[in-house]
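Asker: Compact mmCIF, C-alpha atoms, file protein_25.txt:
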```txt
# COMPACT_ATOMS: atom_id res chain seq x y z
CA MET A 1 8.15 35.76 -8.07
CA GLU A 2 7.23 35.14 -4.44
CA ILE A 3 5.02 32.14 -3.79
CA LYS A 4 2.85 32.42 -0.71
CA PRO A 5 1.80 29.39 1.35
CA PHE A 6 -1.60 27.92 0.59
CA GLU A 7 -4.28 29.19 2.94
CA ASN A 8 -5.75 25.70 3.23
CA ARG A 9 -3.34 22.81 3.54
CA ILE A 10 -2.85 20.50 0.56
CA TYR A 11 -2.74 16.97 1.89
CA LEU A 12 -0.95 13.93 0.56
CA SER A 13 -4.25 12.08 0.15
CA SER A 14 -7.28 12.91 2.25
CA PRO A 15 -10.85 11.54 2.18
CA THR A 16 -13.17 12.91 -0.49
CA MET A 17 -16.82 12.72 0.52
CA HIS A 18 -19.76 13.07 -1.86
CA GLY A 19 -22.94 12.95 0.24
CA LYS A 20 -24.16 9.50 -0.73
CA GLU A 21 -22.14 8.06 2.15
CA LEU A 22 -24.31 9.96 4.62
CA GLU A 23 -27.46 8.37 3.18
CA TYR A 24 -26.27 4.89 4.05
CA VAL A 25 -24.88 5.93 7.44
CA THR A 26 -28.22 7.59 8.23
CA HIS A 27 -30.02 4.44 7.16
CA ALA A 28 -27.94 2.45 9.67
CA TYR A 29 -28.83 5.01 12.35
CA ASN A 30 -32.54 5.14 11.53
CA THR A 31 -32.91 1.36 11.42
CA ASN A 32 -30.79 0.97 14.59
CA TRP A 33 -28.30 -1.38 12.90
CA MET A 34 -25.22 0.20 14.43
CA SER A 35 -23.18 -2.91 15.19
CA THR A 36 -21.34 -5.41 12.96
CA VAL A 37 -24.37 -6.72 11.05
CA GLY A 38 -26.73 -4.98 8.67
CA GLU A 39 -27.59 -4.14 5.11
CA ASN A 40 -24.56 -1.92 4.57
CA VAL A 41 -22.11 -4.68 5.51
CA ASN A 42 -23.80 -7.14 3.17
CA GLU A 43 -24.01 -4.69 0.29
CA ALA A 44 -20.43 -3.45 0.68
CA GLU A 45 -19.17 -7.03 0.49
CA LYS A 46 -21.35 -7.70 -2.55
CA LEU A 47 -20.20 -4.58 -4.40
CA ILE A 48 -16.53 -5.36 -3.85
CA CYS A 49 -16.94 -8.95 -5.03
CA GLU A 50 -18.65 -7.76 -8.20
CA LYS A 51 -15.99 -5.14 -8.89
CA VAL A 52 -12.90 -7.16 -8.08
CA GLY A 53 -14.12 -10.51 -9.35
CA CYS A 54 -13.67 -12.62 -6.24
CA LYS A 55 -16.27 -14.99 -4.85
CA TYR A 56 -16.22 -13.92 -1.21
CA ALA A 57 -15.44 -10.75 0.73
CA VAL A 58 -15.31 -10.46 4.51
CA ALA A 59 -15.74 -6.90 5.77
CA LEU A 60 -13.33 -6.18 8.62
CA SER A 61 -12.21 -3.35 10.86
CA SER A 62 -9.00 -2.64 8.91
CA GLY A 63 -6.74 -3.81 6.12
CA THR A 64 -4.33 -4.97 8.81
CA SER A 65 -6.96 -7.26 10.34
CA ALA A 66 -7.59 -8.68 6.86
CA LEU A 67 -3.87 -9.42 6.50
CA HIS A 68 -3.80 -10.96 9.96
CA LEU A 69 -6.66 -13.35 9.20
CA ALA A 70 -5.08 -14.11 5.81
CA THR A 71 -1.87 -15.02 7.62
CA LYS A 72 -3.80 -17.35 9.94
CA LEU A 73 -5.65 -18.91 7.00
CA ALA A 74 -2.27 -19.60 5.38
CA SER A 75 -1.38 -21.55 8.55
CA VAL A 76 1.60 -19.43 9.56
CA LYS A 77 2.68 -20.51 13.03
CA ASP A 78 5.44 -19.98 15.57
CA GLY A 79 8.86 -19.95 13.91
CA ASP A 80 7.61 -20.12 10.30
CA GLY A 81 9.38 -17.94 7.76
CA VAL A 82 7.25 -15.78 5.47
CA PHE A 83 8.56 -14.02 2.36
CA CYS A 84 7.49 -10.34 2.52
CA SER A 85 7.80 -7.22 0.38
CA ASP A 86 10.65 -5.09 1.72
CA MET A 87 9.38 -1.77 0.42
CA THR A 88 5.99 -1.38 2.05
CA PHE A 89 4.25 -0.10 5.16
CA SER A 90 4.78 -2.14 8.32
CA ALA A 91 1.11 -3.19 8.35
CA SER A 92 1.99 -5.61 5.55
CA VAL A 93 4.46 -7.36 7.83
CA ASN A 94 3.18 -7.01 11.39
CA PRO A 95 0.55 -9.79 11.06
CA VAL A 96 3.36 -12.28 10.51
CA VAL A 97 4.81 -11.22 13.85
CA TYR A 98 1.37 -11.48 15.48
CA GLU A 99 1.50 -15.19 14.63
CA ARG A 100 5.12 -15.42 15.81
CA GLY A 101 6.36 -15.98 12.28
CA ILE A 102 9.62 -14.60 10.88
CA PRO A 103 9.41 -12.05 8.03
CA ILE A 104 12.04 -12.62 5.33
CA PHE A 105 12.29 -9.46 3.25
CA ILE A 106 12.59 -9.51 -0.54
CA ASP A 107 14.14 -6.61 -2.47
CA ALA A 108 12.24 -4.63 -5.11
CA GLU A 109 12.85 -4.10 -8.82
CA TYR A 110 13.01 -0.73 -10.58
CA GLU A 111 10.25 -1.32 -13.17
CA THR A 112 7.38 -1.18 -10.64
CA TRP A 113 9.11 -0.69 -7.26
CA ASN A 114 7.45 -3.94 -6.17
CA MET A 115 8.81 -7.33 -5.13
CA ASP A 116 11.51 -8.67 -7.45
CA ALA A 117 10.75 -12.19 -8.71
CA GLU A 118 14.47 -12.85 -9.24
CA ALA A 119 15.22 -11.94 -5.64
CA LEU A 120 12.30 -14.14 -4.59
CA GLU A 121 13.77 -17.08 -6.50
CA LYS A 122 17.08 -16.49 -4.72
CA ALA A 123 15.23 -16.42 -1.38
CA VAL A 124 13.66 -19.80 -2.12
CA GLU A 125 17.15 -21.23 -2.67
CA LEU A 126 18.22 -19.93 0.74
CA TYR A 127 14.97 -20.75 2.55
CA PRO A 128 13.38 -23.73 0.74
CA ASN A 129 11.00 -24.53 3.60
CA VAL A 130 9.12 -21.22 3.42
CA LYS A 131 5.63 -21.74 1.98
CA VAL A 132 3.87 -18.36 2.40
CA LEU A 133 4.44 -15.02 0.69
CA ILE A 134 2.91 -11.59 1.40
CA MET A 135 3.45 -9.11 -1.42
CA ALA A 136 2.22 -5.52 -1.64
CA ASN A 137 1.26 -3.40 -4.65
CA LEU A 138 3.15 -0.22 -3.89
CA TYR A 139 1.33 3.12 -4.20
CA GLY A 140 -1.41 1.54 -6.32
CA THR A 141 0.84 -0.06 -8.96
CA PRO A 142 0.49 -3.84 -9.48
CA ALA A 143 3.53 -6.05 -9.09
CA LYS A 144 4.72 -8.27 -11.95
CA MET A 145 2.24 -10.93 -10.98
CA ASP A 146 3.01 -13.44 -13.75
CA GLU A 147 6.62 -13.67 -12.64
CA ILE A 148 5.85 -13.82 -8.92
CA THR A 149 3.04 -16.33 -9.39
CA ALA A 150 5.30 -18.56 -11.50
CA VAL A 151 7.91 -18.73 -8.72
CA CYS A 152 5.26 -19.46 -6.09
CA LYS A 153 3.54 -22.13 -8.17
CA LYS A 154 6.87 -23.82 -8.88
CA HIS A 155 7.73 -24.04 -5.18
CA GLY A 156 4.26 -24.56 -3.67
CA ILE A 157 4.09 -21.15 -1.99
CA THR A 158 0.74 -19.66 -0.90
CA ILE A 159 0.32 -16.04 -2.01
CA ILE A 160 -1.27 -13.38 0.18
CA GLU A 161 -1.78 -10.23 -1.90
CA ASP A 162 -1.71 -6.97 0.00
CA ALA A 163 -3.85 -4.82 -2.28
CA ALA A 164 -4.49 -2.22 0.43
CA GLU A 165 -3.17 0.57 -1.81
CA SER A 166 -4.29 -0.77 -5.20
CA LEU A 167 -8.08 -1.22 -5.20
CA GLY A 168 -9.27 -0.72 -8.78
CA ALA A 169 -5.85 -1.28 -10.35
CA THR A 170 -5.46 -4.05 -12.94
CA TYR A 171 -2.72 -6.34 -14.21
CA LYS A 172 -3.36 -7.69 -17.72
CA GLY A 173 -7.00 -6.74 -17.28
CA ARG A 174 -7.38 -8.57 -13.97
CA GLN A 175 -8.18 -6.66 -10.80
CA THR A 176 -5.63 -6.65 -8.01
CA GLY A 177 -6.87 -8.37 -4.89
CA THR A 178 -7.49 -11.61 -6.79
CA PHE A 179 -4.00 -13.01 -7.35
CA GLY A 180 -3.53 -14.60 -3.95
CA SER A 181 -5.31 -17.42 -2.20
CA PHE A 182 -6.12 -14.71 0.36
CA ASN A 183 -6.09 -10.98 -0.37
CA ALA A 184 -6.52 -7.76 1.61
CA ILE A 185 -7.82 -4.31 0.74
CA SER A 186 -8.03 -1.20 2.93
CA PHE A 187 -10.51 1.63 3.42
CA ASN A 188 -8.24 3.73 5.65
CA GLY A 189 -8.85 7.47 5.52
CA ASN A 190 -6.15 8.13 2.92
CA LYS A 191 -7.01 5.31 0.49
CA ILE A 192 -8.59 5.58 -2.98
CA ILE A 193 -12.00 5.13 -1.32
CA THR A 194 -12.51 5.18 2.42
CA GLY A 195 -14.77 4.17 5.25
CA SER A 196 -12.67 6.30 7.63
CA SER A 197 -11.31 2.89 8.56
CA GLY A 198 -12.04 -0.68 7.55
CA GLY A 199 -10.79 -3.33 5.19
CA MET A 200 -11.78 -6.60 3.58
CA LEU A 201 -10.40 -10.07 3.14
CA LEU A 202 -11.02 -11.39 -0.38
CA THR A 203 -10.91 -15.04 -1.41
CA ASP A 204 -12.49 -17.66 -3.66
CA ASP A 205 -12.40 -20.21 -0.83
CA PHE A 206 -15.84 -20.62 0.78
CA GLU A 207 -14.57 -22.38 3.89
CA ALA A 208 -11.79 -19.83 4.39
CA ALA A 209 -14.26 -16.94 4.13
CA ASN A 210 -16.51 -18.51 6.74
CA LYS A 211 -13.54 -19.21 8.99
CA ALA A 212 -12.47 -15.56 8.74
CA ARG A 213 -15.99 -14.37 9.59
CA LYS A 214 -16.02 -16.61 12.66
CA TRP A 215 -12.58 -15.46 13.82
CA SER A 216 -13.57 -11.82 13.28
CA THR A 217 -16.49 -12.11 15.72
CA GLN A 218 -14.58 -13.61 18.65
CA SER A 219 -14.88 -17.17 17.29
CA ARG A 220 -18.33 -17.71 18.71
CA GLU A 221 -19.65 -21.22 18.17
CA SER A 222 -23.16 -22.05 17.04
CA ALA A 223 -24.68 -22.51 20.48
CA PRO A 224 -27.46 -20.85 22.52
CA TRP A 225 -24.78 -19.43 24.86
CA TYR A 226 -21.39 -17.88 24.22
CA GLN A 227 -19.21 -20.88 23.46
CA HIS A 228 -15.58 -20.48 22.35
CA GLU A 229 -13.31 -23.29 21.20
CA GLU A 230 -10.50 -21.19 19.69
CA VAL A 231 -9.12 -17.68 19.99
CA GLY A 232 -11.08 -15.02 18.13
CA TYR A 233 -10.84 -11.30 17.41
CA ASN A 234 -13.04 -8.22 17.41
CA TYR A 235 -12.36 -7.57 13.73
CA ARG A 236 -15.76 -7.27 12.01
CA MET A 237 -16.62 -4.03 10.20
CA SER A 238 -19.48 -2.05 11.69
CA ASN A 239 -22.62 -1.34 9.69
CA VAL A 240 -21.89 2.38 10.08
CA ILE A 241 -18.40 2.17 8.56
CA ALA A 242 -19.80 -0.11 5.87
CA GLY A 243 -22.29 2.64 5.01
CA VAL A 244 -19.42 5.02 4.25
CA VAL A 245 -17.66 2.35 2.16
CA ARG A 246 -20.90 1.57 0.32
CA GLY A 247 -21.43 5.23 -0.52
CA GLN A 248 -17.79 5.73 -1.56
CA PHE A 249 -17.80 2.72 -3.84
CA TYR A 250 -19.81 4.49 -6.54
CA TYR A 251 -17.02 7.07 -6.89
CA LEU A 252 -14.10 4.65 -7.16
CA GLU A 253 -13.61 5.14 -10.91
CA GLU A 254 -13.99 8.91 -10.56
CA HIS A 255 -11.28 8.97 -7.90
CA ILE A 256 -8.97 6.84 -10.04
CA LYS A 257 -9.51 9.20 -12.99
CA GLN A 258 -8.68 12.22 -10.82
CA LYS A 259 -5.58 10.55 -9.39
CA LYS A 260 -4.36 9.66 -12.87
CA GLU A 261 -4.81 13.25 -14.01
CA ILE A 262 -2.69 14.40 -11.07
CA TYR A 263 0.02 11.88 -11.97
CA MET A 264 0.03 12.97 -15.62
CA ARG A 265 0.21 16.67 -14.73
CA TYR A 266 3.26 15.99 -12.57
CA LYS A 267 4.82 13.92 -15.33
CA GLU A 268 4.31 16.69 -17.88
CA GLY A 269 5.20 19.56 -15.55
CA LEU A 270 8.43 17.95 -14.33
CA LYS A 271 9.55 16.43 -17.63
CA ASP A 272 12.52 18.80 -18.03
CA LEU A 273 13.95 17.93 -14.61
CA PRO A 274 16.36 15.03 -13.90
CA ILE A 275 13.59 12.95 -12.31
CA GLN A 276 11.26 10.07 -13.16
CA MET A 277 7.75 9.37 -11.92
CA ASN A 278 6.95 6.10 -10.12
CA PRO A 279 6.97 3.60 -13.00
CA TYR A 280 4.60 1.00 -14.39
CA ASP A 281 4.31 -1.11 -17.54
CA GLU A 282 1.73 0.62 -19.72
CA GLU A 283 1.09 -2.56 -21.74
CA THR A 284 0.19 -4.80 -18.80
CA MET A 285 -0.71 -2.52 -15.91
CA GLN A 286 -3.31 0.08 -15.11
CA PRO A 287 -2.50 1.51 -11.65
CA ASN A 288 -5.06 3.34 -9.57
CA PHE A 289 -2.47 6.14 -9.19
CA TRP A 290 -3.18 6.41 -5.46
CA LEU A 291 0.02 8.38 -4.83
CA SER A 292 2.15 10.21 -7.37
CA CYS A 293 5.83 9.73 -6.56
CA MET A 294 9.10 10.77 -8.13
CA ILE A 295 12.71 9.60 -8.02
CA ILE A 296 15.69 11.87 -8.67
CA ASP A 297 18.41 10.79 -11.09
CA LYS A 298 21.55 9.68 -9.27
CA ASP A 299 23.78 12.35 -10.77
CA ALA A 300 21.27 15.06 -9.81
CA MET A 301 21.22 14.22 -6.10
CA CYS A 302 22.67 16.77 -3.71
CA LYS A 303 24.21 15.44 -0.51
CA GLN A 304 21.61 14.20 1.96
CA VAL A 305 22.19 12.76 5.42
CA ARG A 306 19.51 10.80 7.23
CA GLY A 307 19.50 9.62 10.82
CA ASP A 308 16.85 7.46 12.46
CA LYS A 309 14.41 10.36 12.83
CA GLN A 310 15.91 13.44 11.17
CA ALA A 311 17.49 14.41 7.86
CA LYS A 312 19.67 17.20 6.49
CA PHE A 313 20.78 18.22 3.02
CA PHE A 314 23.52 20.34 1.52
CA LYS A 315 22.37 22.62 -1.28
CA GLU A 316 24.09 22.21 -4.66
CA LYS A 317 23.31 24.20 -7.78
CA GLY A 318 21.40 22.14 -10.34
CA LYS A 319 20.83 19.33 -7.86
CA SER A 320 18.30 18.46 -5.20
CA CYS A 321 17.18 15.62 -2.92
CA PRO A 322 13.98 14.38 -1.25
CA THR A 323 14.77 16.21 2.00
CA GLU A 324 15.07 19.58 0.24
CA ILE A 325 11.96 19.09 -1.88
CA LEU A 326 9.83 17.92 1.04
CA GLN A 327 10.92 20.94 3.08
CA ALA A 328 10.12 23.26 0.19
CA ILE A 329 6.67 21.70 -0.25
CA GLU A 330 6.01 21.95 3.48
CA ASN A 331 6.96 25.63 3.42
CA ILE A 332 3.96 26.34 1.17
CA ASN A 333 1.63 24.32 3.43
CA ALA A 334 1.51 21.15 1.33
CA GLU A 335 2.15 17.60 2.46
CA GLY A 336 4.65 15.26 0.86
CA ARG A 337 6.26 12.16 2.31
CA PRO A 338 9.42 10.10 1.94
CA ILE A 339 9.10 6.75 0.20
CA TRP A 340 8.30 3.90 2.61
CA LYS A 341 11.48 3.15 4.53
CA PRO A 342 12.36 -0.46 3.65
CA MET A 343 11.44 -3.00 6.29
CA HIS A 344 14.95 -4.42 6.54
CA MET A 345 16.18 -0.95 7.57
CA GLN A 346 13.64 -0.63 10.39
CA PRO A 347 15.10 -1.02 13.89
CA ILE A 348 12.45 -3.60 14.81
CA PHE A 349 13.49 -5.84 11.89
CA GLN A 350 17.22 -5.16 11.82
CA ASN A 351 18.05 -8.83 12.43
CA ASN A 352 15.58 -10.32 9.96
CA PRO A 353 16.78 -11.89 6.70
CA PHE A 354 16.86 -9.63 3.63
CA ILE A 355 17.34 -11.07 0.16
CA THR A 356 18.40 -9.32 -3.07
CA ARG A 357 19.14 -10.71 -6.53
CA GLU A 358 22.69 -11.22 -5.31
CA GLY A 359 21.60 -13.30 -2.34
CA ASN A 360 21.80 -12.51 1.35
CA GLY A 361 21.60 -8.73 1.72
CA ARG A 362 22.94 -8.92 5.27
CA THR A 363 26.38 -10.11 4.20
CA LYS A 364 27.61 -6.63 3.32
CA THR A 365 27.01 -3.14 4.65
CA ASN A 366 23.52 -2.23 3.51
CA VAL A 367 24.44 0.98 1.75
CA CYS A 368 24.08 1.26 -2.00
CA GLY A 369 27.25 2.04 -3.88
CA GLU A 370 29.83 0.65 -6.29
CA ASP A 371 31.51 -1.60 -3.71
CA LYS A 372 28.37 -2.46 -1.77
CA ILE A 373 25.59 -4.91 -2.34
CA SER A 374 23.01 -3.85 -4.93
CA CYS A 375 19.86 -2.94 -3.00
CA VAL A 376 17.00 -1.46 -5.01
CA CYS A 377 14.81 -0.66 -2.01
CA GLU A 378 17.46 1.44 -0.31
CA ASP A 379 18.18 3.30 -3.51
CA ILE A 380 14.53 4.17 -4.13
CA PHE A 381 14.15 5.24 -0.50
CA GLU A 382 17.25 7.43 -0.80
CA ARG A 383 16.21 9.17 -4.02
CA GLY A 384 12.40 9.01 -4.02
CA LEU A 385 9.50 10.91 -2.46
CA CYS A 386 5.69 10.99 -2.52
CA LEU A 387 4.13 14.17 -3.87
CA PRO A 388 0.88 15.84 -2.78
CA SER A 389 -1.75 13.66 -4.47
CA ASP A 390 -5.04 14.80 -3.01
CA ASN A 391 -7.79 14.63 -5.61
CA LYS A 392 -9.30 17.87 -4.30
CA MET A 393 -6.11 19.76 -5.24
CA THR A 394 -6.79 22.19 -8.10
CA LYS A 395 -4.69 22.41 -11.25
CA GLU A 396 -3.53 25.86 -10.14
CA GLN A 397 -2.40 24.54 -6.78
CA GLN A 398 -0.59 21.65 -8.40
CA ASN A 399 1.16 24.05 -10.79
CA VAL A 400 2.47 25.97 -7.77
CA ILE A 401 3.85 22.73 -6.29
CA ILE A 402 5.49 21.89 -9.61
CA GLU A 403 7.10 25.34 -9.69
CA ILE A 404 8.41 24.87 -6.15
CA ILE A 405 10.00 21.56 -7.15
CA LYS A 406 11.62 23.18 -10.17
CA ARG A 407 13.14 25.87 -7.99
CA CYS A 408 14.81 23.22 -5.85
CA PHE A 409 17.00 22.35 -8.85
```
Represent the supplied structure as structure tokens.
Answerer:
Amino acid sequence: MEIKPFENRIYLSSPTMHGKELEYVTHAYNTNWMSTVGENVNEAEKLICEKVGCKYAVALSSGTSALHLATKLASVKDGDGVFCSDMTFSASVNPVVYERGIPIFIDAEYETWNMDAEALEKAVELYPNVKVLIMANLYGTPAKMDEITAVCKKHGITIIEDAAESLGATYKGRQTGTFGSFNAISFNGNKIITGSSGGMLLTDDFEAANKARKWSTQSRESAPWYQHEEVGYNYRMSNVIAGVVRGQFYYLEEHIKQKKEIYMRYKEGLKDLPIQMNPYDEETMQPNFWLSCMIIDKDAMCKQVRGDKQAKFFKEKGKSCPTEILQAIENINAEGRPIWKPMHMQPIFQNNPFITREGNGRTKTNVCGEDKISCVCEDIFERGLCLPSDNKMTKEQQNVIIEIIKRCF
């Protein structure tokens, strides 16, 4: 049976508007509060605090700016090492570089695809002076926070939790975005709820929250003129963006429910293939299912060759690979994506330390295999992909995507 391309593109994860957002944006317009102060900013911060369970939220222009201010609050300075998730988007890591710190990348584990506490412990042995960690919750799935927190508490390490992808997800009943001394969430256009842009820094530290607010408005001092005694940033969220976030907030649980249904339909529809969905511990974790991902069994991988910017595959009967599947999905006008390319593989970070359970991941050729160092991140990147996860995708459209994936094998 011929499958025709979708008339309207199916996106990986696009904004879903409901109308209530426009009410709050219009209110900002009608009351002329169009800058970085106003009712929407205050209410958005309040709503997030109530939902997540933190004491203070600082509404900012992006999740990256939240991570940057968190890095400054953790006192990262020139030459300081910072332990960072290896499998993540570069926005998790770039703020360390802004402060002239040195990212030290920690491998992932297979159970959640997040930072491996055993690899972290090994990193502490190699770099005992490092006192800050930035860890991300990949694709909306919480990391094993008990294990990571135990290592950090033992060694006096400050945790910054990058919960940009995991708003609404819980670990042992506790919301993500509360496990660090400083935490970041994102309202980028593709996130579980959006402001078109924007983010927040979350903390229980009153002084830190006030410091972040000051930094985010160019570090203006309390004076009748513009007085500046330290470097500041133009990072505060506008009242207009906050109106979108405020309106979206009421649909957070609905979006999570829709995303979970998408994940479960993929899991059921692909159950007879040699693949697994992105994993989580059902007893301790409730992801927000932001993106549905899959990983192909090793013995079902066809040959795939990737360069810095292009990839090719060689078709084999009964086998497939991410490159083939992503091309097949694209051919029907749907958007998939490779798994985040690990940070230690990025050209910009090719000389940074990378630590696995076995120790220094730079001591051997960083290619997974029997005679090479065991690197979970590279393996997941090689065999995994993100599937179309837009919550406006219909069941019928998703069934077509599932059929296309089946045909690749």
Asker: Looking at A:Ser35, A:Gln258, A:Ser186, A:Gln175, which one is nearest to Met393 (chain A), with distances taken over all atoms listed in the file?
Answerer: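 Going through A:Ser35, A:Gln258, A:Ser186, A:Gln175 one by one, the smallest distance to Met393 (chain A) is for A:Gln258.
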Asker: Could the residues of region 152-177 of chain A that have an atom at most 12 Å from region 82-104 of chain A be listed as CSV, each with its closest atom pair and the distance in Å to one decimal, counting only C-alpha atoms and ordered by chain and ascending residue number?
Answerer:
```
residue,atom,partner,partner_atom,distance
A:Cys152,CA,A:Phe83,CA,10.6
A:Ile157,CA,A:Phe83,CA,9.5
A:Thr158,CA,A:Val82,CA,9.9
A:Ile159,CA,A:Phe83,CA,9.5
A:Ile160,CA,A:Cys84,CA,9.6
A:Glu161,CA,A:Ser92,CA,9.5
A:Asp162,CA,A:Ser92,CA,6.8
A:Ala163,CA,A:Ser92,CA,9.8
A:Ala164,CA,A:Ser92,CA,8.9
A:Glu165,CA,A:Thr88,CA,10.1
```
Asker: Name the closest residue to Pro15 (chain A) among the candidates A:Leu202, A:Ala300, A:Val244, A:Met285; distances are taken between atoms, counting only C-alpha atoms.
Answerer: A:Val244
Asker: Could you tell me which of A:Ala119, A:Glu229, A:Ala223, A:Leu326 comes closest to Lys312 (chain A) if we count only C-alpha atoms?
Answerer: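 The shortest atom-to-atom distance to Lys312 (chain A) comes from A:Leu326.
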Asker: Once you count all atoms listed in the file, what closest atom pair and distance in Å to one decimal does each residue of region 179-258 of chain A within 8 Å of region 54-78 of chain A have, with rows by chain and rising residue number, as a tab-separated table?
Answerer:
```
residue	atom	partner	partner_atom	distance
A:Phe182	CA	A:Ala70	CA	5.6
A:Asn183	CA	A:Ala70	CA	7.0
A:Ala184	CA	A:Ala66	CA	5.4
A:Ile185	CA	A:Gly63	CA	5.5
A:Ser186	CA	A:Gly63	CA	4.3
A:Phe187	CA	A:Ser62	CA	7.1
A:Asn188	CA	A:Ser62	CA	7.2
A:Ser197	CA	A:Ser62	CA	6.0
A:Gly198	CA	A:Ser62	CA	3.9
A:Gly199	CA	A:Gly63	CA	4.2
A:Met200	CA	A:Ala59	CA	4.5
A:Leu201	CA	A:Ala66	CA	4.9
A:Leu202	CA	A:Ala57	CA	4.6
A:Thr203	CA	A:Tyr56	CA	5.4
A:Asp204	CA	A:Lys55	CA	4.8
A:Asp205	CA	A:Tyr56	CA	7.4
A:Phe206	CA	A:Tyr56	CA	7.0
A:Ala208	CA	A:Leu73	CA	6.7
A:Ala209	CA	A:Tyr56	CA	6.4
A:Ala212	CA	A:Leu69	CA	6.2
A:Arg213	CA	A:Val58	CA	6.4
A:Trp215	CA	A:Leu69	CA	7.8
A:Ser216	CA	A:Leu60	CA	7.3
A:Tyr235	CA	A:Ser61	CA	5.1
A:Arg236	CA	A:Leu60	CA	4.3
A:Met237	CA	A:Leu60	CA	4.2
A:Ser238	CA	A:Ser61	CA	7.4
A:Ala242	CA	A:Ala59	CA	7.9
```
Asker: Using only C-alpha atoms, which protein or nucleic acid residues come within 9 Å of region 273-277 of chain A? Drop anything in the same chain fewer than 2 positions from it, and give the result as a ChimeraX atom specification.
Answerer: /A:263,266-267,269-271,279,292-300,319,406,409
